[in-house]
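With CSV, C-alpha atoms inside, this is final-v3.csv:
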chain,number,residue,atom,x,y,z
A,1,MET,CA,6.0,97.3,140.7
A,2,PRO,CA,7.8,94.6,142.7
A,3,PRO,CA,6.8,94.2,146.3
A,4,ARG,CA,8.9,95.8,148.8
A,5,SER,CA,11.5,93.6,150.3
A,6,THR,CA,10.5,92.2,153.7
A,7,THR,CA,13.9,90.7,154.5
A,8,LYS,CA,14.4,90.7,158.2
A,9,VAL,CA,17.8,91.6,159.3
A,10,ILE,CA,19.0,89.4,162.2
A,11,LYS,CA,21.9,90.7,164.2
A,12,PRO,CA,24.1,88.1,165.8
A,13,ALA,CA,23.9,88.1,169.6
A,14,PRO,CA,26.8,89.8,171.2
A,15,ARG,CA,29.6,87.2,171.8
A,16,PRO,CA,31.0,86.8,175.3
A,17,GLU,CA,34.3,88.3,175.8
A,18,LYS,CA,37.0,86.1,174.2
A,19,ASP,CA,38.5,85.1,177.5
A,20,SER,CA,35.5,85.3,179.8
A,21,LEU,CA,35.4,81.6,180.4
A,22,ILE,CA,38.1,78.9,179.9
A,23,ILE,CA,37.2,75.3,179.1
A,24,GLU,CA,39.7,72.8,180.3
A,25,HIS,CA,39.8,69.1,179.5
A,26,ILE,CA,40.8,67.1,182.5
A,27,CYS,CA,41.2,63.4,183.0
A,28,LEU,CA,40.8,61.7,186.4
A,29,LEU,CA,40.8,58.4,188.1
A,30,LYS,CA,38.0,57.8,190.6
A,31,ILE,CA,37.7,54.9,193.0
A,32,LEU,CA,34.2,53.7,192.3
A,33,ARG,CA,34.1,50.5,194.4
A,34,GLY,CA,36.2,49.4,197.4
A,35,LYS,CA,37.7,51.1,200.4
A,36,ASP,CA,38.2,54.9,199.8
A,37,ALA,CA,35.4,54.9,197.1
A,38,GLY,CA,34.9,58.4,195.9
A,39,THR,CA,38.6,59.3,196.0
A,40,ILE,CA,39.6,61.2,192.9
A,41,LEU,CA,43.0,61.7,191.4
A,42,GLU,CA,43.3,64.3,188.7
A,43,LEU,CA,45.8,63.4,186.0
A,44,GLY,CA,48.2,65.8,184.6
A,45,GLU,CA,51.3,65.3,182.4
A,46,GLU,CA,53.2,63.6,185.2
A,47,THR,CA,53.2,59.8,185.5
A,48,VAL,CA,51.3,58.7,188.6
A,49,ALA,CA,51.4,55.4,190.4
A,50,ALA,CA,48.6,53.4,192.0
A,51,GLY,CA,49.0,50.6,194.5
A,52,ARG,CA,49.0,49.5,198.1
A,53,SER,CA,52.1,51.6,199.0
A,54,GLU,CA,51.3,54.8,200.9
A,55,TYR,CA,53.8,56.5,198.6
A,56,CYS,CA,51.6,55.9,195.5
A,57,ASP,CA,49.7,58.8,194.1
A,58,LEU,CA,46.5,56.7,194.2
A,59,PHE,CA,46.4,54.5,197.3
A,60,ILE,CA,44.5,51.3,196.7
A,61,ASP,CA,43.5,49.8,200.1
A,62,ASP,CA,43.0,46.2,198.8
A,63,PRO,CA,44.9,43.1,199.8
A,64,SER,CA,45.0,42.0,196.2
A,65,ALA,CA,46.8,45.1,195.1
A,66,SER,CA,50.6,45.1,194.8
A,67,ARG,CA,52.5,47.9,196.4
A,68,GLN,CA,53.2,49.4,193.0
A,69,HIS,CA,50.4,48.0,191.0
A,70,PHE,CA,50.0,50.2,187.9
A,71,GLU,CA,51.0,53.6,186.6
A,72,VAL,CA,49.3,56.1,184.3
A,73,GLY,CA,51.4,58.4,182.1
A,74,GLY,CA,50.8,60.7,179.2
A,75,GLN,CA,51.8,59.7,175.6
A,76,TYR,CA,50.9,61.7,172.5
A,77,GLY,CA,48.1,63.4,174.4
A,78,MET,CA,46.6,60.2,175.7
A,79,HIS,CA,46.8,58.5,179.1
A,80,VAL,CA,48.4,55.1,179.0
A,81,LEU,CA,48.1,52.6,181.8
A,82,THR,CA,51.0,50.2,182.4
A,83,ASP,CA,50.8,47.3,184.8
A,84,LEU,CA,53.9,47.3,187.0
A,85,ASP,CA,54.3,43.5,186.9
A,86,SER,CA,51.6,43.2,189.6
A,87,THR,CA,51.0,39.9,191.2
A,88,ASN,CA,47.3,39.7,190.5
A,89,GLY,CA,47.1,41.8,187.4
A,90,THR,CA,45.3,44.9,186.2
A,91,MET,CA,42.1,44.5,184.3
A,92,VAL,CA,40.6,47.2,182.0
A,93,ASN,CA,37.0,46.6,181.2
A,94,GLY,CA,37.4,43.0,182.2
A,95,VAL,CA,40.6,42.3,180.1
A,96,ARG,CA,43.9,41.7,181.9
A,97,VAL,CA,46.3,44.1,180.3
A,98,ALA,CA,50.0,44.8,180.4
A,99,GLU,CA,49.4,48.2,178.8
A,100,CYS,CA,46.4,50.1,177.6
A,101,ARG,CA,45.5,53.6,176.3
A,102,LEU,CA,42.7,54.7,178.5
A,103,SER,CA,39.4,55.9,177.1
A,104,ASN,CA,36.6,57.8,178.8
A,105,GLY,CA,34.5,55.5,180.9
A,106,ASP,CA,37.1,52.7,181.2
A,107,ILE,CA,36.9,50.7,184.4
A,108,VAL,CA,40.2,49.5,185.9
A,109,THR,CA,39.9,46.6,188.3
A,110,VAL,CA,42.4,45.7,190.9
A,111,GLY,CA,41.3,42.9,193.1
A,112,ALA,CA,37.9,44.0,194.5
A,113,THR,CA,38.6,47.7,193.8
A,114,GLU,CA,37.1,49.4,190.7
A,115,ILE,CA,38.5,52.6,189.4
A,116,GLY,CA,37.0,54.7,186.7
A,117,PHE,CA,38.9,56.7,184.1
A,118,PHE,CA,36.9,59.8,183.1
A,119,GLU,CA,37.5,62.8,180.7
A,120,GLN,CA,35.6,65.9,181.8
A,121,LYS,CA,35.3,69.4,180.7
A,122,LYS,CA,35.9,71.9,183.4
A,123,VAL,CA,34.8,75.5,182.9
A,124,ARG,CA,36.6,78.2,184.9
A,125,ALA,CA,36.9,81.9,185.0
A,126,PRO,CA,40.2,83.3,183.8
A,127,ARG,CA,42.7,84.1,186.4
A,128,ALA,CA,42.8,87.7,187.4
A,129,LYS,CA,45.4,89.5,185.4
A,130,THR,CA,48.3,90.8,187.5
A,131,PRO,CA,48.6,94.5,187.2
A,132,PRO,CA,51.6,95.7,185.3
A,133,ARG,CA,54.6,96.4,187.4
A,134,PRO,CA,56.0,99.8,187.5
A,135,PRO,CA,59.1,100.2,185.3
A,136,GLY,CA,62.4,100.0,187.1
A,137,GLY,CA,61.6,97.1,189.4
A,138,ILE,CA,61.4,97.3,193.1
A,139,HIS,CA,63.3,100.0,194.8
B,1,MET,CA,55.0,36.4,175.1
B,2,ARG,CA,53.8,39.9,175.1
B,3,VAL,CA,51.4,41.1,172.3
B,4,LYS,CA,50.9,44.7,171.5
B,5,PHE,CA,48.3,46.0,169.0
B,6,TRP,CA,49.6,49.0,167.0
B,7,GLY,CA,46.9,48.9,164.3
B,8,THR,CA,43.5,47.3,164.6
B,9,ARG,CA,41.5,48.7,161.7
B,10,GLY,CA,40.7,46.8,158.5
B,11,SER,CA,40.7,48.0,154.9
B,12,ILE,CA,41.5,51.7,155.4
B,13,PRO,CA,42.7,54.0,158.1
B,14,THR,CA,39.9,55.8,160.0
B,15,PRO,CA,41.4,58.6,162.0
B,16,GLY,CA,39.1,60.9,164.0
B,17,ARG,CA,37.2,61.4,167.3
B,18,THR,CA,34.8,58.6,166.6
B,19,THR,CA,37.5,55.9,166.4
B,20,GLU,CA,40.0,57.0,169.0
B,21,LYS,CA,39.1,54.3,171.5
B,22,TYR,CA,39.7,51.3,169.2
B,23,GLY,CA,42.0,53.1,166.9
B,24,GLY,CA,42.1,54.1,163.2
B,25,ASN,CA,45.4,52.6,162.1
B,26,THR,CA,45.5,49.5,160.0
B,27,SER,CA,46.8,46.1,160.9
B,28,CYS,CA,50.0,45.8,162.9
B,29,VAL,CA,50.8,43.6,165.9
B,30,GLU,CA,54.0,43.3,167.8
B,31,VAL,CA,55.0,40.1,169.6
B,32,THR,CA,58.0,40.1,172.0
B,33,HIS,CA,59.6,37.5,174.1
B,34,GLY,CA,63.0,37.2,175.7
B,35,GLY,CA,64.2,40.4,174.1
B,36,ARG,CA,63.3,39.3,170.6
B,37,ARG,CA,60.6,40.8,168.4
B,38,VAL,CA,58.2,39.6,165.6
B,39,ILE,CA,56.0,42.0,163.7
B,40,LEU,CA,52.8,40.8,162.1
B,41,ASP,CA,51.8,43.0,159.2
B,42,GLY,CA,52.8,46.5,158.2
B,43,GLY,CA,49.6,48.5,158.1
B,44,THR,CA,49.7,52.2,159.1
B,45,GLY,CA,50.0,51.1,162.8
B,46,ILE,CA,53.6,50.1,162.1
B,47,ARG,CA,54.6,53.8,161.9
B,48,GLU,CA,54.1,54.4,165.6
B,49,LEU,CA,55.9,51.2,166.4
B,50,GLY,CA,58.8,52.4,164.3
B,51,ILE,CA,59.0,55.6,166.2
B,52,ARG,CA,59.3,53.6,169.4
B,53,MET,CA,61.9,51.3,167.9
B,54,ALA,CA,64.0,54.2,166.5
B,55,GLY,CA,64.7,55.2,170.1
B,56,GLU,CA,66.1,51.7,170.9
B,57,GLU,CA,69.4,50.0,170.0
B,58,PRO,CA,69.2,48.4,166.5
B,59,SER,CA,68.1,44.8,166.5
B,60,GLU,CA,67.2,41.9,164.4
B,61,VAL,CA,63.4,41.7,163.8
B,62,VAL,CA,61.2,39.1,161.9
B,63,ILE,CA,58.3,40.5,159.9
B,64,LEU,CA,55.5,38.3,158.8
B,65,PHE,CA,52.8,39.4,156.4
B,66,SER,CA,49.4,37.8,156.1
B,67,HIS,CA,49.2,39.2,152.6
B,68,CYS,CA,49.9,42.3,150.7
B,69,HIS,CA,46.7,44.2,150.5
B,70,TRP,CA,47.1,47.9,151.3
B,71,ASP,CA,45.9,47.7,154.9
B,72,HIS,CA,48.7,45.2,155.7
B,73,ILE,CA,51.7,47.0,154.0
B,74,GLN,CA,50.8,50.7,153.7
B,75,GLY,CA,52.7,51.8,156.8
B,76,LEU,CA,56.1,50.4,155.7
B,77,PRO,CA,57.3,53.5,153.7
B,78,PHE,CA,57.0,55.4,157.0
B,79,PHE,CA,58.6,52.8,159.2
B,80,VAL,CA,61.6,54.7,160.5
B,81,PRO,CA,63.8,51.6,161.4
B,82,PHE,CA,63.7,50.6,157.7
B,83,PHE,CA,65.8,53.7,157.0
B,84,LYS,CA,68.3,53.2,159.8
B,85,LYS,CA,71.6,51.4,159.5
B,86,GLY,CA,72.1,48.6,162.0
B,87,PHE,CA,68.5,47.2,162.0
B,88,ARG,CA,68.2,43.8,160.4
B,89,PHE,CA,64.8,42.7,159.1
B,90,ARG,CA,64.0,39.1,158.1
B,91,ILE,CA,60.8,39.0,156.1
B,92,ALA,CA,59.7,35.4,156.2
B,93,ALA,CA,56.6,34.3,154.2
B,94,PRO,CA,55.0,31.1,152.8
B,95,PRO,CA,56.1,30.2,149.3
B,96,HIS,CA,53.2,31.8,147.4
B,97,LEU,CA,53.8,35.1,149.1
B,98,SER,CA,57.5,35.0,149.3
B,99,ARG,CA,57.9,34.9,145.5
B,100,ARG,CA,55.9,38.2,145.1
B,101,ILE,CA,56.4,40.2,148.3
B,102,LYS,CA,59.7,41.9,147.4
B,103,ALA,CA,58.3,43.2,144.1
B,104,ILE,CA,55.1,44.4,145.8
B,105,LEU,CA,56.9,46.3,148.5
B,106,GLY,CA,59.2,47.7,145.9
B,107,LYS,CA,56.2,49.0,143.8
B,108,GLN,CA,54.8,50.6,146.9
B,109,MET,CA,57.9,52.8,147.0
B,110,ALA,CA,58.4,53.3,143.3
B,111,SER,CA,59.6,56.8,142.4
B,112,GLU,CA,56.2,57.7,141.0
B,113,VAL,CA,54.5,57.3,144.4
B,114,PHE,CA,57.3,57.7,147.0
B,115,PRO,CA,60.5,59.7,147.2
B,116,VAL,CA,62.7,56.9,148.5
B,117,ASP,CA,63.3,53.6,146.6
B,118,PHE,CA,62.9,50.4,148.6
B,119,ALA,CA,66.4,49.4,147.4
B,120,ASP,CA,67.9,52.5,149.0
B,121,LEU,CA,66.7,51.8,152.5
B,122,GLY,CA,69.5,52.0,155.1
B,123,SER,CA,68.6,48.8,157.1
B,124,ASP,CA,69.5,45.3,156.1
B,125,ILE,CA,66.3,43.7,154.7
B,126,SER,CA,66.2,40.1,153.5
B,127,PHE,CA,63.5,37.8,152.3
B,128,LYS,CA,63.2,34.1,153.2
B,129,GLU,CA,60.7,31.5,152.2
B,130,MET,CA,59.2,29.7,155.1
B,131,PRO,CA,58.8,26.0,154.7
B,132,ALA,CA,55.6,24.2,155.5
B,133,SER,CA,57.2,22.8,158.6
B,134,GLY,CA,57.8,26.2,159.9
B,135,VAL,CA,60.9,28.0,161.2
B,136,LYS,CA,62.6,28.5,164.6
B,137,VAL,CA,63.7,32.1,165.1
B,138,GLY,CA,65.3,32.9,168.4
B,139,PRO,CA,62.8,31.8,171.0
B,140,PHE,CA,59.9,31.7,168.5
B,141,ARG,CA,58.6,28.6,166.7
B,142,ILE,CA,56.5,29.9,163.8
B,143,ARG,CA,54.3,27.9,161.4
B,144,HIS,CA,52.1,29.2,158.6
B,145,PHE,CA,48.8,28.0,157.1
B,146,ALA,CA,46.6,29.2,154.3
B,147,LEU,CA,43.5,31.3,154.9
B,148,ASN,CA,40.5,32.0,152.7
B,149,HIS,CA,40.8,35.5,151.3
B,150,PRO,CA,40.7,36.9,147.7
B,151,GLY,CA,44.2,36.6,146.5
B,152,GLY,CA,45.2,34.4,149.4
B,153,SER,CA,46.2,35.2,153.0
B,154,ALA,CA,48.4,33.4,155.5
B,155,GLY,CA,47.8,32.7,159.2
B,156,TYR,CA,50.6,32.1,161.7
B,157,ARG,CA,50.9,30.1,164.8
B,158,ILE,CA,53.7,31.3,167.1
B,159,GLU,CA,54.9,29.5,170.1
B,160,ALA,CA,57.4,30.7,172.7
B,161,GLY,CA,58.0,30.3,176.4
B,162,GLY,CA,55.4,27.6,176.7
B,163,THR,CA,52.5,29.6,175.3
B,164,SER,CA,51.0,29.9,171.8
B,165,LEU,CA,49.2,32.4,169.7
B,166,VAL,CA,47.5,32.3,166.4
B,167,TYR,CA,47.3,35.4,164.1
B,168,ALA,CA,44.6,34.8,161.5
B,169,THR,CA,43.3,37.9,159.9
B,170,ASP,CA,41.6,38.3,156.5
B,171,HIS,CA,39.9,34.9,156.6
B,172,GLU,CA,36.4,34.0,155.7
B,173,PHE,CA,35.2,30.7,157.1
B,174,ALA,CA,31.4,30.7,157.7
B,175,PRO,CA,31.0,27.4,159.6
B,176,GLN,CA,27.5,26.8,158.2
B,177,ASP,CA,28.5,27.5,154.6
B,178,ASP,CA,31.9,26.0,154.4
B,179,PRO,CA,32.4,23.3,157.1
B,180,ARG,CA,35.6,22.0,155.5
B,181,THR,CA,37.4,25.3,155.7
B,182,PHE,CA,36.1,25.8,159.2
B,183,ASP,CA,37.4,22.4,160.4
B,184,ALA,CA,40.8,22.8,158.7
B,185,PHE,CA,41.2,26.1,160.4
B,186,VAL,CA,40.2,24.8,163.8
B,187,ARG,CA,43.0,22.3,163.6
B,188,HIS,CA,45.5,25.1,163.3
B,189,LEU,CA,43.9,26.9,166.1
B,190,LYS,CA,43.7,24.0,168.5
B,191,GLY,CA,44.6,24.9,172.1
B,192,ALA,CA,46.1,28.3,171.4
B,193,HIS,CA,46.4,30.6,174.4
B,194,LEU,CA,45.6,33.6,172.3
B,195,TYR,CA,43.7,33.8,169.0
B,196,ILE,CA,44.0,37.1,167.2
B,197,ALA,CA,41.0,37.0,164.8
B,198,ASP,CA,39.4,38.9,161.9
B,199,GLY,CA,36.0,39.8,163.2
B,200,GLN,CA,35.3,42.6,160.7
B,201,TYR,CA,31.6,42.1,160.6
B,202,VAL,CA,28.7,41.0,162.8
B,203,GLU,CA,26.2,38.4,161.6
B,204,LYS,CA,23.5,40.8,160.4
B,205,GLU,CA,26.0,42.4,158.0
B,206,TYR,CA,27.4,39.2,156.6
B,207,ALA,CA,24.8,38.4,154.0
B,208,GLU,CA,25.8,41.5,152.0
B,209,ARG,CA,29.5,40.9,152.5
B,210,HIS,CA,29.6,37.2,151.6
B,211,GLY,CA,32.8,36.4,149.6
B,212,TRP,CA,34.7,39.6,150.7
B,213,GLY,CA,37.2,37.4,152.6
B,214,HIS,CA,36.4,38.4,156.2
B,215,SER,CA,34.6,36.7,159.0
B,216,THR,CA,32.1,37.8,161.6
B,217,VAL,CA,32.4,38.0,165.4
B,218,GLU,CA,30.1,35.0,165.6
B,219,HIS,CA,32.3,33.0,163.3
B,220,VAL,CA,35.5,33.6,165.2
B,221,VAL,CA,33.8,32.9,168.5
B,222,ALA,CA,32.6,29.5,167.1
B,223,ALA,CA,36.1,28.7,165.9
B,224,ALA,CA,37.6,29.7,169.3
B,225,LYS,CA,35.2,27.5,171.1
B,226,ALA,CA,35.7,24.5,168.8
B,227,ALA,CA,39.5,24.8,169.2
B,228,ARG,CA,39.2,25.5,172.9
B,229,VAL,CA,41.4,28.6,172.8
B,230,LEU,CA,41.9,30.4,176.0
B,231,ARG,CA,41.5,34.0,174.9
B,232,LEU,CA,40.1,35.7,171.8
B,233,ALA,CA,41.2,39.1,170.5
B,234,VAL,CA,38.9,40.4,167.8
B,235,THR,CA,40.6,42.8,165.4
B,236,HIS,CA,40.6,44.1,161.8
B,237,HIS,CA,37.6,46.3,162.7
B,238,ASP,CA,35.4,47.5,159.9
B,239,PRO,CA,36.0,51.1,158.9
B,240,MET,CA,32.3,51.7,159.2
B,241,HIS,CA,32.2,50.7,162.8
B,242,ASP,CA,32.8,53.6,165.2
B,243,ASP,CA,33.7,53.4,168.9
B,244,PRO,CA,30.1,53.2,170.1
B,245,ALA,CA,29.3,50.4,167.6
B,246,LEU,CA,32.4,48.4,168.6
B,247,THR,CA,31.8,48.9,172.3
B,248,GLY,CA,28.3,47.5,171.8
B,249,PHE,CA,29.6,44.4,169.8
B,250,GLU,CA,32.2,43.8,172.4
B,251,HIS,CA,29.7,43.9,175.3
B,252,ASP,CA,27.3,41.7,173.5
B,253,ALA,CA,30.1,39.1,172.8
B,254,MET,CA,31.3,39.1,176.4
B,255,LYS,CA,27.8,38.8,177.7
B,256,GLN,CA,26.8,36.0,175.3
B,257,HIS,CA,29.9,33.9,175.8
B,258,PRO,CA,30.9,34.1,179.4
B,259,GLY,CA,33.0,31.0,179.2
B,260,LEU,CA,35.4,32.5,176.7
B,261,GLU,CA,37.7,35.4,177.5
B,262,ILE,CA,37.0,37.9,174.6
B,263,PHE,CA,38.2,41.4,174.0
B,264,PHE,CA,38.1,43.7,171.0
B,265,ALA,CA,41.7,44.9,170.3
B,266,ARG,CA,42.3,48.5,170.9
B,267,GLU,CA,45.2,50.4,169.4
B,268,GLY,CA,48.0,50.5,172.1
B,269,ILE,CA,46.7,47.7,174.2
B,270,ALA,CA,49.3,45.1,175.3
B,271,VAL,CA,48.5,41.7,176.8
B,272,GLU,CA,50.7,38.9,178.1
B,273,VAL,CA,49.9,35.5,176.5
B,274,ARG,CA,49.3,33.3,179.5
B,275,ASP,CA,48.5,29.6,179.8
B,276,THR,CA,45.8,30.3,182.4
B,277,LEU,CA,42.7,32.3,182.4
B,278,ARG,CA,42.0,35.3,184.6
B,279,PRO,CA,43.9,35.6,187.9

Take the structure in the file and give it back as structure tokens.
Amino acid sequence: MPPRSTTKVIKPAPRPEKDSLIIEHICLLKILRGKDAGTILELGEETVAAGRSEYCDLFIDDPSASRQHFEVGGQYGMHVLTDLDSTNGTMVNGVRVAECRLSNGDIVTVGATEIGFFEQKKVRAPRAKTPPRPPGGIH
Amino acid sequence: MRVKFWGTRGSIPTPGRTTEKYGGNTSCVEVTHGGRRVILDGGTGIRELGIRMAGEEPSEVVILFSHCHWDHIQGLPFFVPFFKKGFRFRIAAPPHLSRRIKAILGKQMASEVFPVDFADLGSDISFKEMPASGVKVGPFRIRHFALNHPGGSAGYRIEAGGTSLVYATDHEFAPQDDPRTFDAFVRHLKGAHLYIADGQYVEKEYAERHGWGHSTVEHVVAAAKAARVLRLAVTHHDPMHDDPALTGFEHDAMKQHPGLEIFFAREGIAVEVRDTLRP
């Protein structure tokens, strides 16, 4: 007589609710060295400018920086840095560039200021669902 | 001159997360100056360049091929401006290549392998043999020279606006094994402001890849130093080298040779060719 089966049935752990947590990929520029070190600019789809002008999205308080020094915009899901014909140039990882697709951990140097480009995962709870409106609109 | 790298990979495209920093598309470099454009090689990187160009006014463009191995021509059937009326392409090549190139590009688009015949493309494409003395096209002065690669390859020296660059990929010239090839190459490289080099391997890999027609990072650094070039861009990255590996090689090269400005070309990077070093 064959031995009785001793197969152990493993039940999968209950999955969290499908939309219990949302993971977002965010990209940011962070001033690592120089005045205003610690300043963070979160990047979205809009093109942002960095430089010595107070109208820039990322203000670089460095005498070597041009007023409009470089910009970062989205292309094909990537962030592309473009030097705006700055006087002293923009370096990415020590290389003077006119244009460069940014990659996680890249260091952008403007004069004595170092700015890091980072991709991060951000976990957040879903936004509360708005309760359905009563039919007929507001009376 | 502005130089933009649209394809930096050698041999075969390597798409995926592990190559997204340096890029997975094969060889293609764009050189622009004074509103004119030269394209070096038509690997898969040329596709994205074509998408960019398709949004511009049609223009006259020079295309130079190092040789016709797949990783240097494979993007052409998907190069949108080839299909568009108004664009004019002048394909200039040294004599040995010029005689074969039209047939090779035609075969790549034969009906058995591609739905559109090369002869049916909408743009105006012409082929021209480049004499040994070189040619002057718009603001560019272009000379060619032979490289050491199975089946042959051509290097190009391009000068414009008081600066010069050398594009020399698919070239094997181990200085210790073949000093004559090395010395001849250094003469073509002399004083270039930018040297775009084939650094497919690193030294520890070379013994097993001897004769494959590519050089190592160490070889191209030696040539750059001997020729006193200002800046070295290493490209034609090996398909087996992922981003962490290339980042490591790049850091090592920068650390070991602080007197030479070196970078590993990344897809999408653009640099100005300057006659001075860092600001």

Who sits within 10 Å of Ser27 in chain B, all atoms listed in the file, same chain under 3 positions skipped, as a list in words
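With the cut-off at 10 Å, the set is Phe5, Trp6, Gly7, Thr8, Arg9, Gly10, Ser11, Ile12, Pro13, Gly24, Leu40, Asp41, Gly42, Gly43, Thr44, Gly45, Ile46, Ser66, Trp70, Asp71, His72, Ile73, Gln74, Gly75, Thr169, Thr235, His236, His237 and Glu267 of chain B.
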
Based on all atoms listed in the file, which of the residues in chain B come within 12 Å of chain A? I want them as a PyMOL selection string.
chain B and resi 1-6+17-23+48+51-52+231-233+243-244+247+250-251+254-255+258+260-274+276-279

Residues from the last selection, C-alpha atoms, saved as an mmCIF file, keeping the file's coordinate frame:
data_model
loop_
_atom_site.group_PDB
_atom_site.id
_atom_site.type_symbol
_atom_site.label_atom_id
_atom_site.label_comp_id
_atom_site.auth_asym_id
_atom_site.auth_seq_id
_atom_site.Cartn_x
_atom_site.Cartn_y
_atom_site.Cartn_z
ATOM 1 C CA MET B 1 55.000 36.400 175.100
ATOM 2 C CA ARG B 2 53.800 39.900 175.100
ATOM 3 C CA VAL B 3 51.400 41.100 172.300
ATOM 4 C CA LYS B 4 50.900 44.700 171.500
ATOM 5 C CA PHE B 5 48.300 46.000 169.000
ATOM 6 C CA TRP B 6 49.600 49.000 167.000
ATOM 7 C CA ARG B 17 37.200 61.400 167.300
ATOM 8 C CA THR B 18 34.800 58.600 166.600
ATOM 9 C CA THR B 19 37.500 55.900 166.400
ATOM 10 C CA GLU B 20 40.000 57.000 169.000
ATOM 11 C CA LYS B 21 39.100 54.300 171.500
ATOM 12 C CA TYR B 22 39.700 51.300 169.200
ATOM 13 C CA GLY B 23 42.000 53.100 166.900
ATOM 14 C CA GLU B 48 54.100 54.400 165.600
ATOM 15 C CA ILE B 51 59.000 55.600 166.200
ATOM 16 C CA ARG B 52 59.300 53.600 169.400
ATOM 17 C CA ARG B 231 41.500 34.000 174.900
ATOM 18 C CA LEU B 232 40.100 35.700 171.800
ATOM 19 C CA ALA B 233 41.200 39.100 170.500
ATOM 20 C CA ASP B 243 33.700 53.400 168.900
ATOM 21 C CA PRO B 244 30.100 53.200 170.100
ATOM 22 C CA THR B 247 31.800 48.900 172.300
ATOM 23 C CA GLU B 250 32.200 43.800 172.400
ATOM 24 C CA HIS B 251 29.700 43.900 175.300
ATOM 25 C CA MET B 254 31.300 39.100 176.400
ATOM 26 C CA LYS B 255 27.800 38.800 177.700
ATOM 27 C CA PRO B 258 30.900 34.100 179.400
ATOM 28 C CA LEU B 260 35.400 32.500 176.700
ATOM 29 C CA GLU B 261 37.700 35.400 177.500
ATOM 30 C CA ILE B 262 37.000 37.900 174.600
ATOM 31 C CA PHE B 263 38.200 41.400 174.000
ATOM 32 C CA PHE B 264 38.100 43.700 171.000
ATOM 33 C CA ALA B 265 41.700 44.900 170.300
ATOM 34 C CA ARG B 266 42.300 48.500 170.900
ATOM 35 C CA GLU B 267 45.200 50.400 169.400
ATOM 36 C CA GLY B 268 48.000 50.500 172.100
ATOM 37 C CA ILE B 269 46.700 47.700 174.200
ATOM 38 C CA ALA B 270 49.300 45.100 175.300
ATOM 39 C CA VAL B 271 48.500 41.700 176.800
ATOM 40 C CA GLU B 272 50.700 38.900 178.100
ATOM 41 C CA VAL B 273 49.900 35.500 176.500
ATOM 42 C CA ARG B 274 49.300 33.300 179.500
ATOM 43 C CA THR B 276 45.800 30.300 182.400
ATOM 44 C CA LEU B 277 42.700 32.300 182.400
ATOM 45 C CA ARG B 278 42.000 35.300 184.600
ATOM 46 C CA PRO B 279 43.900 35.600 187.900
#

Mind pulling up the distance from CA of Val61 in chain B to CA of Phe140 in chain B?
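One can read the CA of Phe140 in chain B to CA of Val61 in chain B distance as 11.6 Å.
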
Can you pull out the residues contacting range 29-44 of chain A? Cut-off 7 Å, using only C-alpha atoms, and skip same-chain residues under 4 positions away; I want them as a PyMOL selection string.
chain A and resi 58+61+112-118

Point-to-point distance from CA of Met130 in chain B to CA of Ala93 in chain B, Å rounded to tenths
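Result for CA of Met130 in chain B versus CA of Ala93 in chain B: 5.4 Å, one decimal.
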
To one decimal place, how far is CA of Gln75 in chain A from CA of Asp238 in chain B in Å?
25.8 Å

Point out the residue among B:Phe79, B:Phe173, B:Phe114, B:Phe182 with the least atom-to-atom distance to Tyr206 in chain B, counting all atoms listed in the file.
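With all atoms listed in the file as the atom set, the closest residue is B:Phe173.
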
Non-local contacts of Ala132 in chain B (9 Å; all atoms listed in the file; under 5 positions in same chain excluded) as a PDB file with C-alpha atoms, in the coordinates of the input:
ATOM      1  CA  PRO B  94      55.000  31.100 152.800  1.00  0.00           C
ATOM      2  CA  PRO B  95      56.100  30.200 149.300  1.00  0.00           C
ATOM      3  CA  ARG B 143      54.300  27.900 161.400  1.00  0.00           C
ATOM      4  CA  HIS B 144      52.100  29.200 158.600  1.00  0.00           C
ATOM      5  CA  PHE B 145      48.800  28.000 157.100  1.00  0.00           C
TER       6      PHE B 145
END

Within 6 Å of His67 in chain B, counting only C-alpha atoms, which residues qualify if same-chain residues fewer than 2 places away don't, as a CSV table (one decimal) with C-alpha atoms, keeping the file's coordinate frame?
chain,number,residue,atom,x,y,z
B,65,PHE,CA,52.8,39.4,156.4
B,69,HIS,CA,46.7,44.2,150.5
B,153,SER,CA,46.2,35.2,153.0

Could you check which of A:Pro126, A:Tyr76, A:Lys121, A:Val110 is closest to Arg52 in chain A, using only C-alpha atoms?
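When distances to Arg52 in chain A are compared using only C-alpha atoms, the smallest one comes from A:Val110.
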
Would you please work out which residue, of B:Asp252, B:Glu205, B:Asp170, B:Glu159, is nearest to Gly138 in chain B when using all atoms listed in the file?
B:Glu159

Could the centre and edge lengths of an axis-aligned box, enclosing all atoms of range 114-119 of chain A in the file with 4 Å extra on each side, be given in Å to one decimal as lines of an AutoDock Vina configuration file?
center_x = 37.9
center_y = 56.1
center_z = 185.7
size_x = 10.0
size_y = 21.4
size_z = 18.0

Name the residues within 12 Å of (68.9, 51.2, 149.6), counting all atoms listed in the file in the file's coordinates, and put them as a VMD selection string.
chain B and resid 82 to 85 106 109 116 to 125
